[in-house]
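Heads up, my_file-v5.cif below (mmCIF, C-alpha atoms):
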```
data_data
#
loop_
_atom_site.label_atom_id
_atom_site.label_comp_id
_atom_site.auth_asym_id
_atom_site.auth_seq_id
_atom_site.Cartn_x
_atom_site.Cartn_y
_atom_site.Cartn_z
CA MET B 4 -105.34 -115.14 82.74
CA ALA B 5 -102.81 -117.41 81.09
CA THR B 6 -103.29 -121.11 80.62
CA GLY B 7 -100.74 -122.01 83.27
CA ASP B 8 -99.62 -120.14 86.32
CA GLU B 9 -96.51 -118.07 85.92
CA LYS B 10 -93.96 -119.68 88.13
CA PRO B 11 -92.45 -117.47 90.78
CA VAL B 12 -88.84 -116.65 90.06
CA MET B 13 -85.89 -117.51 92.24
CA VAL B 14 -82.51 -115.91 91.68
CA ILE B 15 -79.45 -117.41 93.29
CA GLY B 16 -76.18 -115.49 93.40
CA ILE B 17 -72.96 -117.47 93.37
CA ASP B 18 -69.26 -116.84 93.45
CA GLU B 19 -66.36 -119.27 93.58
CA SER B 20 -66.50 -119.81 97.33
CA GLU B 21 -67.44 -123.06 99.01
CA GLN B 22 -70.32 -121.37 100.77
CA SER B 23 -71.89 -120.49 97.43
CA VAL B 24 -71.61 -124.04 96.22
CA TYR B 25 -73.20 -125.22 99.44
CA ALA B 26 -75.99 -122.68 99.04
CA LEU B 27 -76.69 -123.78 95.47
CA GLU B 28 -76.72 -127.44 96.41
CA TRP B 29 -78.93 -126.84 99.44
CA THR B 30 -81.40 -124.86 97.40
CA LEU B 31 -81.55 -127.42 94.61
CA ASP B 32 -81.91 -130.23 97.13
CA ARG B 33 -84.78 -128.66 98.98
CA PHE B 34 -86.64 -126.75 96.36
CA PHE B 35 -85.99 -128.39 93.04
CA ALA B 36 -84.71 -131.92 92.96
CA PRO B 37 -87.65 -133.58 94.68
CA TYR B 38 -90.13 -131.91 92.38
CA ALA B 39 -88.64 -132.70 89.00
CA PRO B 40 -89.69 -132.03 86.40
CA ASN B 41 -92.25 -129.62 87.72
CA HIS B 42 -90.25 -127.26 89.86
CA PRO B 43 -92.11 -124.81 92.06
CA PHE B 44 -89.83 -121.97 91.01
CA LYS B 45 -88.10 -120.74 87.89
CA LEU B 46 -84.40 -120.54 88.67
CA PHE B 47 -81.81 -118.06 87.51
CA ILE B 48 -78.23 -118.62 88.60
CA VAL B 49 -76.26 -115.40 88.56
CA HIS B 50 -72.54 -114.87 88.88
CA ALA B 51 -71.10 -111.40 89.30
CA LYS B 52 -67.64 -111.14 87.87
CA PRO B 53 -65.76 -108.30 89.54
CA ASN B 54 -64.53 -105.62 87.23
CA ALA B 55 -60.78 -106.01 86.69
CA VAL B 56 -60.08 -102.33 87.04
CA SER B 57 -61.89 -102.01 90.34
CA ALA B 58 -60.25 -105.15 91.62
CA VAL B 59 -56.81 -103.76 90.99
CA GLY B 60 -57.81 -100.23 91.89
CA LEU B 61 -55.77 -99.61 95.00
CA ALA B 62 -52.52 -101.12 93.83
CA GLY B 63 -50.75 -97.89 92.91
CA PRO B 64 -48.38 -97.21 90.02
CA GLY B 65 -47.85 -99.87 87.39
CA THR B 66 -51.38 -101.15 87.58
CA ALA B 67 -51.99 -100.60 83.90
CA GLU B 68 -49.77 -103.55 83.05
CA VAL B 69 -51.41 -105.83 85.55
CA VAL B 70 -54.98 -105.25 84.45
CA PRO B 71 -54.99 -107.62 81.46
CA TYR B 72 -53.68 -110.46 83.60
CA VAL B 73 -56.20 -109.80 86.30
CA ASP B 74 -58.93 -109.64 83.72
CA ALA B 75 -57.94 -112.97 82.20
CA ASP B 76 -57.81 -114.52 85.63
CA LEU B 77 -61.24 -113.21 86.52
CA LYS B 78 -62.62 -114.57 83.27
CA HIS B 79 -61.20 -118.00 84.09
CA THR B 80 -62.70 -117.88 87.51
CA ALA B 81 -66.08 -116.93 86.11
CA ALA B 82 -65.92 -119.76 83.58
CA ARG B 83 -65.04 -122.20 86.36
CA VAL B 84 -67.95 -120.98 88.44
CA VAL B 85 -70.36 -121.44 85.55
CA GLU B 86 -69.04 -124.92 84.83
CA LYS B 87 -69.38 -125.89 88.46
CA ALA B 88 -72.94 -124.59 88.59
CA LYS B 89 -73.84 -126.52 85.45
CA ALA B 90 -72.32 -129.67 86.91
CA ILE B 91 -74.26 -129.31 90.12
CA CYS B 92 -77.52 -128.81 88.26
CA GLN B 93 -76.80 -131.87 86.16
CA SER B 94 -76.04 -133.99 89.16
CA LYS B 95 -79.35 -133.07 90.73
CA SER B 96 -81.14 -133.57 87.43
CA VAL B 97 -82.34 -130.02 87.47
CA HIS B 98 -82.65 -128.66 83.98
CA ASP B 99 -84.40 -125.63 82.71
CA THR B 100 -82.29 -123.19 84.72
CA THR B 101 -80.59 -120.15 83.30
CA ILE B 102 -77.04 -119.23 84.22
CA GLU B 103 -76.00 -115.62 83.73
CA VAL B 104 -72.75 -113.81 84.26
CA PHE B 105 -72.53 -110.08 84.72
CA GLU B 106 -69.61 -107.82 85.32
CA GLY B 107 -69.53 -105.43 88.20
CA ASP B 108 -70.18 -105.32 91.91
CA ALA B 109 -72.06 -108.33 93.20
CA ARG B 110 -74.40 -106.33 95.40
CA ASN B 111 -75.71 -104.10 92.67
CA ILE B 112 -75.90 -106.84 90.11
CA LEU B 113 -77.94 -109.12 92.28
CA CYS B 114 -80.41 -106.37 93.09
CA GLU B 115 -80.70 -105.43 89.44
CA VAL B 116 -81.25 -109.00 88.34
CA VAL B 117 -83.98 -109.34 90.91
CA ASP B 118 -85.72 -106.33 89.42
CA LYS B 119 -85.19 -107.48 85.88
CA HIS B 120 -86.76 -110.88 86.42
CA HIS B 121 -89.29 -109.75 89.02
CA ALA B 122 -87.95 -112.41 91.32
CA SER B 123 -89.81 -113.53 94.40
CA VAL B 124 -86.75 -114.80 96.20
CA LEU B 125 -83.06 -114.05 96.09
CA VAL B 126 -80.81 -116.73 97.52
CA VAL B 127 -77.26 -116.00 98.57
CA GLY B 128 -74.63 -117.84 100.52
CA SER B 129 -72.85 -116.21 103.37
CA HIS B 130 -69.15 -116.13 104.02
CA GLY B 131 -69.84 -116.08 107.72
CA TYR B 132 -67.68 -113.09 108.41
CA GLY B 133 -67.45 -111.74 111.91
CA ALA B 134 -68.36 -108.18 112.74
CA ILE B 135 -65.02 -106.66 111.83
CA LYS B 136 -64.54 -108.40 108.52
CA ARG B 137 -68.09 -107.54 107.71
CA ALA B 138 -67.43 -103.88 108.35
CA VAL B 139 -64.21 -103.82 106.36
CA LEU B 140 -64.97 -106.13 103.46
CA GLY B 141 -68.66 -105.51 103.30
CA SER B 142 -71.19 -108.22 103.16
CA VAL B 143 -73.12 -108.96 100.00
CA SER B 144 -75.75 -110.92 101.87
CA ASP B 145 -76.27 -108.00 104.26
CA TYR B 146 -76.57 -105.49 101.46
CA CYS B 147 -78.98 -107.64 99.51
CA SER B 148 -81.19 -108.36 102.47
CA HIS B 149 -81.65 -104.63 102.96
CA HIS B 150 -81.86 -103.47 99.40
CA ALA B 151 -83.29 -106.18 97.23
CA HIS B 152 -86.89 -105.70 96.26
CA CYS B 153 -87.82 -109.22 97.16
CA SER B 154 -87.41 -111.69 99.97
CA VAL B 155 -83.87 -112.79 100.61
CA MET B 156 -82.79 -116.22 101.74
CA ILE B 157 -79.35 -116.51 103.24
CA VAL B 158 -78.00 -120.04 103.26
CA LYS B 159 -75.11 -120.64 105.57
CA LYS B 160 -72.83 -123.57 105.48
CA PRO B 161 -72.95 -125.09 108.94
CA LYS B 162 -69.60 -124.99 110.64
CA ILE B 163 -70.03 -128.25 112.47
CA LYS B 164 -71.58 -131.18 110.71
CA VAL B 165 -74.63 -132.30 112.67
CA MET V 11 -104.66 -130.40 108.79
CA GLU V 12 -103.97 -130.91 112.42
CA THR V 13 -102.97 -128.07 114.60
CA TYR V 14 -100.99 -128.51 117.76
CA VAL V 15 -101.07 -125.61 120.12
CA ASP V 16 -98.44 -125.53 122.79
CA ALA V 17 -98.39 -122.56 125.08
CA ILE V 18 -95.34 -122.30 127.25
CA GLY V 19 -94.74 -119.22 129.33
CA ALA V 20 -91.58 -118.00 130.95
CA GLY V 21 -89.65 -120.81 129.42
CA ASP V 22 -86.10 -121.12 128.40
CA THR V 23 -86.73 -124.49 126.82
CA ALA V 24 -89.55 -125.11 124.41
CA ALA V 25 -91.27 -128.43 124.08
CA THR V 26 -92.16 -129.39 120.57
CA THR V 27 -94.35 -132.13 119.31
CA THR V 28 -92.60 -132.95 116.09
CA THR V 29 -92.87 -136.46 114.89
CA SER V 30 -89.42 -136.68 113.45
CA GLY V 31 -86.46 -136.14 115.67
CA ALA V 32 -83.14 -134.67 114.78
CA GLY V 33 -81.71 -138.10 114.16
CA ASP V 34 -84.18 -138.75 111.39
CA THR V 35 -83.27 -135.52 109.73
CA ALA V 36 -79.59 -136.32 109.73
CA ALA V 37 -80.20 -139.77 108.34
CA LYS V 38 -82.42 -138.38 105.64
CA MET V 39 -79.80 -135.87 104.60
CA MET V 40 -77.23 -138.57 104.17
CA GLU V 41 -79.66 -140.61 102.17
CA THR V 42 -80.32 -137.69 99.89
CA ALA V 43 -76.64 -137.35 99.20
CA THR V 44 -76.13 -140.93 98.12
CA ALA V 45 -79.48 -142.13 96.84
CA ALA V 46 -80.06 -142.44 93.14
CA LYS V 47 -83.56 -141.09 93.24
CA PRO V 48 -84.22 -137.95 95.24
CA ILE V 49 -86.04 -138.45 98.49
CA LYS V 50 -88.85 -136.03 99.03
CA LYS V 51 -87.92 -134.63 102.35
CA LYS V 52 -90.20 -131.89 103.41
CA LEU V 53 -88.88 -128.85 105.16
CA LYS V 54 -89.27 -127.90 108.77
CA VAL V 55 -89.82 -124.19 108.72
CA MET V 56 -90.00 -121.79 111.62
CA VAL V 57 -91.67 -118.42 111.28
CA ALA V 58 -91.13 -115.71 113.85
CA ILE V 59 -94.11 -113.49 114.44
CA ASP V 60 -94.95 -110.48 116.52
CA GLU V 61 -97.72 -107.93 116.33
CA SER V 62 -96.24 -106.10 113.39
CA LYS V 63 -97.86 -106.22 110.00
CA ASN V 64 -94.60 -107.24 108.40
CA SER V 65 -94.29 -110.46 110.27
CA PHE V 66 -97.82 -111.45 109.27
CA TYR V 67 -96.96 -110.60 105.71
CA ALA V 68 -93.92 -112.82 106.11
CA LEU V 69 -96.10 -115.65 107.35
CA GLU V 70 -98.48 -115.27 104.43
CA TRP V 71 -95.61 -115.14 101.99
CA ALA V 72 -94.04 -118.21 103.52
CA VAL V 73 -97.23 -120.21 103.42
CA GLU V 74 -97.86 -119.14 99.86
CA HIS V 75 -94.43 -119.87 98.43
CA LEU V 76 -93.23 -122.61 100.68
CA ARG V 77 -96.46 -124.50 100.68
CA ASP V 78 -95.09 -126.86 98.09
CA VAL V 79 -92.08 -127.61 100.16
CA ILE V 80 -93.77 -128.05 103.48
CA SER V 81 -97.14 -129.58 102.87
CA ALA V 82 -97.66 -133.26 103.04
CA GLU V 83 -98.94 -135.13 100.06
CA PRO V 84 -101.62 -137.49 101.20
CA GLU V 85 -101.14 -140.09 98.49
CA THR V 86 -97.57 -140.90 99.29
CA ASN V 87 -96.72 -141.88 102.79
CA GLN V 88 -93.78 -139.60 103.11
CA GLU V 89 -93.62 -137.56 106.22
CA GLY V 90 -94.82 -134.02 105.89
CA GLY V 91 -92.89 -131.03 106.91
CA LEU V 92 -93.68 -128.82 109.79
CA LEU V 93 -94.41 -125.17 110.24
CA THR V 94 -93.55 -123.74 113.62
CA LEU V 95 -94.81 -120.34 114.64
CA VAL V 96 -92.72 -118.75 117.34
CA HIS V 97 -93.54 -115.64 119.28
CA VAL V 98 -91.17 -114.07 121.76
CA HIS V 99 -92.37 -111.97 124.65
CA PRO V 100 -90.11 -109.24 125.79
CA THR V 101 -89.68 -109.50 129.51
CA TYR V 102 -90.56 -106.01 130.44
CA LEU V 103 -92.89 -106.82 133.24
CA GLN V 104 -90.28 -106.96 135.90
CA TYR V 105 -89.34 -103.35 135.41
CA ILE V 106 -92.77 -102.04 136.06
CA TYR V 107 -93.66 -101.77 139.71
CA PRO V 108 -96.57 -99.49 140.44
CA THR V 109 -96.30 -97.38 143.52
CA GLY V 110 -99.46 -98.92 144.86
CA GLY V 111 -97.59 -102.17 145.26
CA THR V 112 -100.55 -104.48 144.88
CA ASP V 113 -100.36 -107.69 142.93
CA SER V 114 -103.26 -106.91 140.72
CA VAL V 115 -101.50 -104.67 138.25
CA PRO V 116 -98.79 -107.13 137.12
CA GLU V 117 -101.52 -109.78 137.13
CA SER V 118 -103.71 -107.82 134.78
CA MET V 119 -100.77 -106.97 132.62
CA ARG V 120 -99.89 -110.61 132.34
CA LYS V 121 -103.46 -111.44 131.44
CA ALA V 122 -103.54 -108.71 128.84
CA ARG V 123 -100.37 -110.06 127.40
CA GLU V 124 -101.76 -113.55 127.21
CA GLU V 125 -104.88 -112.30 125.50
CA ASN V 126 -102.70 -110.48 123.06
CA THR V 127 -100.71 -113.58 122.32
CA THR V 128 -103.82 -115.66 121.85
CA LYS V 129 -105.20 -113.14 119.41
CA LEU V 130 -101.90 -113.15 117.60
CA PHE V 131 -101.83 -116.89 117.19
CA THR V 132 -105.46 -117.03 116.19
CA ARG V 133 -104.72 -114.69 113.35
CA ALA V 134 -101.64 -116.64 112.41
CA LEU V 135 -103.38 -119.97 112.43
CA GLU V 136 -106.13 -118.52 110.27
CA ILE V 137 -103.53 -117.89 107.65
CA CYS V 138 -102.24 -121.44 107.85
CA ARG V 139 -105.63 -123.04 107.81
CA GLY V 140 -106.58 -125.01 104.77
CA LYS V 141 -103.09 -125.11 103.40
CA MET V 142 -102.45 -128.71 104.38
CA VAL V 143 -99.56 -127.75 106.58
CA LYS V 144 -98.91 -129.20 109.97
CA THR V 145 -98.51 -126.25 112.26
CA GLU V 146 -97.39 -125.85 115.80
CA THR V 147 -96.76 -122.85 117.98
CA MET V 148 -94.18 -121.82 120.51
CA ILE V 149 -94.15 -118.97 122.96
CA ILE V 150 -90.89 -117.91 124.53
CA GLU V 151 -90.01 -115.15 126.88
CA GLY V 152 -86.89 -113.15 126.62
CA ASP V 153 -84.96 -111.10 124.15
CA ALA V 154 -86.41 -111.70 120.70
CA LYS V 155 -83.28 -112.16 118.68
CA GLU V 156 -81.46 -114.43 121.06
CA MET V 157 -84.49 -116.54 121.81
CA ILE V 158 -85.26 -117.06 118.15
CA CYS V 159 -81.75 -118.27 117.49
CA GLN V 160 -81.92 -120.54 120.48
CA ALA V 161 -85.25 -121.94 119.35
CA VAL V 162 -83.74 -122.68 115.96
CA GLU V 163 -80.94 -124.62 117.56
CA GLN V 164 -83.21 -126.58 119.82
CA THR V 165 -85.72 -127.60 117.21
CA HIS V 166 -83.29 -128.17 114.32
CA VAL V 167 -85.47 -126.51 111.76
CA ASP V 168 -84.38 -126.29 108.15
CA LEU V 169 -85.36 -122.72 107.53
CA LEU V 170 -86.16 -119.66 109.60
CA VAL V 171 -88.50 -117.04 108.18
CA VAL V 172 -88.61 -113.53 109.59
CA GLY V 173 -90.25 -110.33 108.48
CA SER V 174 -88.30 -107.16 108.18
CA ARG V 175 -89.42 -103.87 109.50
CA GLY V 176 -87.66 -102.12 106.67
CA LEU V 177 -85.76 -99.84 109.02
CA GLY V 178 -83.26 -97.47 107.53
CA MET V 179 -79.58 -97.62 108.43
CA ILE V 180 -79.73 -95.30 111.37
CA LYS V 181 -82.79 -96.76 113.02
CA ARG V 182 -81.29 -100.17 112.48
CA ALA V 183 -78.15 -99.19 114.33
CA LEU V 184 -80.07 -97.58 117.17
CA LEU V 185 -83.00 -99.89 117.62
CA GLY V 186 -81.32 -103.07 116.62
CA SER V 187 -82.73 -105.39 114.07
CA VAL V 188 -83.92 -108.84 114.86
CA SER V 189 -83.67 -109.95 111.28
CA ASP V 190 -80.08 -108.70 111.07
CA TYR V 191 -79.06 -110.48 114.23
CA CYS V 192 -80.72 -113.70 113.18
CA ALA V 193 -79.16 -113.53 109.73
CA GLN V 194 -75.77 -113.45 111.34
CA HIS V 195 -76.26 -115.83 114.22
CA ALA V 196 -78.92 -118.36 113.38
CA LYS V 197 -77.59 -121.81 112.75
CA CYS V 198 -79.84 -122.48 109.81
CA PRO V 199 -80.65 -120.72 106.54
CA ILE V 200 -82.79 -117.67 107.03
CA LEU V 201 -85.37 -116.12 104.75
CA ILE V 202 -86.03 -112.43 105.25
CA VAL V 203 -89.35 -111.36 103.81
CA ARG V 204 -89.45 -107.74 102.89
CA PRO V 205 -92.69 -105.79 103.00
CA PRO V 206 -94.23 -105.30 99.61
CA LYS V 207 -93.82 -102.01 97.88
CA GLU V 208 -96.94 -99.97 97.37
CA THR V 209 -96.80 -100.44 93.62
CA SER V 210 -96.60 -104.20 93.38
CA THR V 211 -95.24 -105.36 90.07
CA SER V 212 -95.13 -109.09 90.49
CA LYS V 213 -98.07 -110.40 92.41
CA GLN V 214 -99.54 -113.78 91.64
#
```

Represent the structure from my file as structure tokens, please.
Amino acid sequence: MATGDEKPVMVIGIDESEQSVYALEWTLDRFFAPYAPNHPFKLFIVHAKPNAVSAVGLAGPGTAEVVPYVDADLKHTAARVVEKAKAICQSKSVHDTTIEVFEGDARNILCEVVDKHHASVLVVGSHGYGAIKRAVLGSVSDYCSHHAHCSVMIVKKPKIKV
Amino acid sequence: METYVDAIGAGDTAATTTTSGAGDTAAKMMETATAAKPIKKKLKVMVAIDESKNSFYALEWAVEHLRDVISAEPETNQEGGLLTLVHVHPTYLQYIYPTGGTDSVPESMRKAREENTTKLFTRALEICRGKMVKTETMIIEGDAKEMICQAVEQTHVDLLVVGSRGLGMIKRALLGSVSDYCAQHAKCPILIVRPPKETSTSKQ
């Protein structure tokens, strides 16, 4: 059809945690760096910035004053995450990636981005929560592996260095 | 290219015929971290299969998309990656004792099971054929989810690929999900391949 093959799309979701950084580095190491400049996938790096109002939601009275501070803090965090992602891509000499930031709940955003870009793979890190934390805090990797419309790769940071 | 077929029944350990041991992998990883130019280390990927259509779809998907990362390039003398196909038998035989009490029924069941497994692997290897991927097979007996995680630990693979039956929440809670368990407990990154929707939007 076209002159060249459309590259399959890979979306990787990151937050500010160490596990995300590990997941991004692992993915770039295995799937991108060795194949420069002709990567086998087109990469979108996505960060979901939590909504300030929902983050503060349960605090009770007086939250209205806190929201602007929380919002500013979240914006700083998001900027840091983007900077870090850019730095990692640079260090692996991986260019031609797109970094996007959306606001809202990570689970929904990742699934939407997958649909938007018709991704073949969604890559997420995993906080490695136990069963109880998982039930209380919810697990983005769990949600995505059940609801995303593409294959999901969960990259875990090994606890013990081999 | 070459296909190694190892059939091991009733085993808790699985013998593999990989050319690179775990030590090589660790050394390579350290090299990658410090070297100026990236070292093309190919992945060792394990795919779990059973009779379900979804796991075959997962295998096809993996071979299609991961081919670049696993296959060996003949012109450079780097070592190729490895694709391991693992199939876990449930051990249900011991619960079935016919009233007749002869040996022939468990015998024939075991034979039927072996035939089944052979057919399974034949299909699987068909899919891998011609993709320039070194493939090997493993058969383990036991509980699927635990055995897969154990196999991952023993063989130090880089990536585990499983299909997903696409169970809803309730069925998942009642029947248990191998992919869920592996996602939480496997010691390596895991790729869960979901079955394609009927209306496929992005097919190559």

Shell around range 200-206 of chain V at 6 Å using only C-alpha atoms, local window under 6 positions removed, as a list in words
Ser154, Val155, Met156 and Ile157 of chain B; Asn64, Ala68, Leu169, Leu170, Val171, Val172, Gly173 and Ser174 of chain V

Using only C-alpha atoms, which chain B residues lie at most 10 Å away from chain V, written as a ChimeraX atom specification?
/B:8-12,26,29,32-39,42-44,95-96,118,120-129,131-134,144-145,148-165

Please, what distance in Å, to one decimal, runs between CA of Asp74 in chain B and CA of Val56 in chain B?
8.1 Å

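One distance worth recording is that between CA of Val96 in chain V and CA of Arg120 in chain V, which is 18.5 Å.
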
Step by step, work through what the PyMOL selection byres ((chain B and resi 79-94) around 8) selects in the shown file, and finish by giving those residues as number ranges by chain.
B: 17-19, 24, 27-28, 31, 48, 50, 52, 75-78, 95-98, 102, 104

To one decimal in Å, tell me the separation between CA of Ala51 in chain B and CA of Val73 in chain B.
15.3 Å

Hits of the PyMOL selection byres ((chain V and resi 56) around 7) in this structure, as an NGL selection string
:V and (54-55 or 57-58 or 93-95 or 167 or 169-171)

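Minimum atom-to-atom distances from V:Ile149, V:Ile59, V:Val188, V:Ala161 to Glu124 in chain V were compared using all atoms listed in the file, and the lowest value belongs to V:Ile149.
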
Check the smallest atom-to-atom distance from each of V:Glu61, V:Cys159, V:Cys192, V:Leu92 to Cys138 in chain V using all atoms listed in the file, then report the winner.
V:Leu92

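Evaluated against the shown file, the PyMOL selection byres ((chain V and resi 152) around 6) gives His99, Pro100, Thr101, Glu151 and Asp153 of chain V.
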
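In this comparison, which uses only C-alpha atoms, the residue of B:Ser142, B:Asn41, B:Leu46, B:Thr30 approaching Val116 in chain B most closely is B:Leu46.
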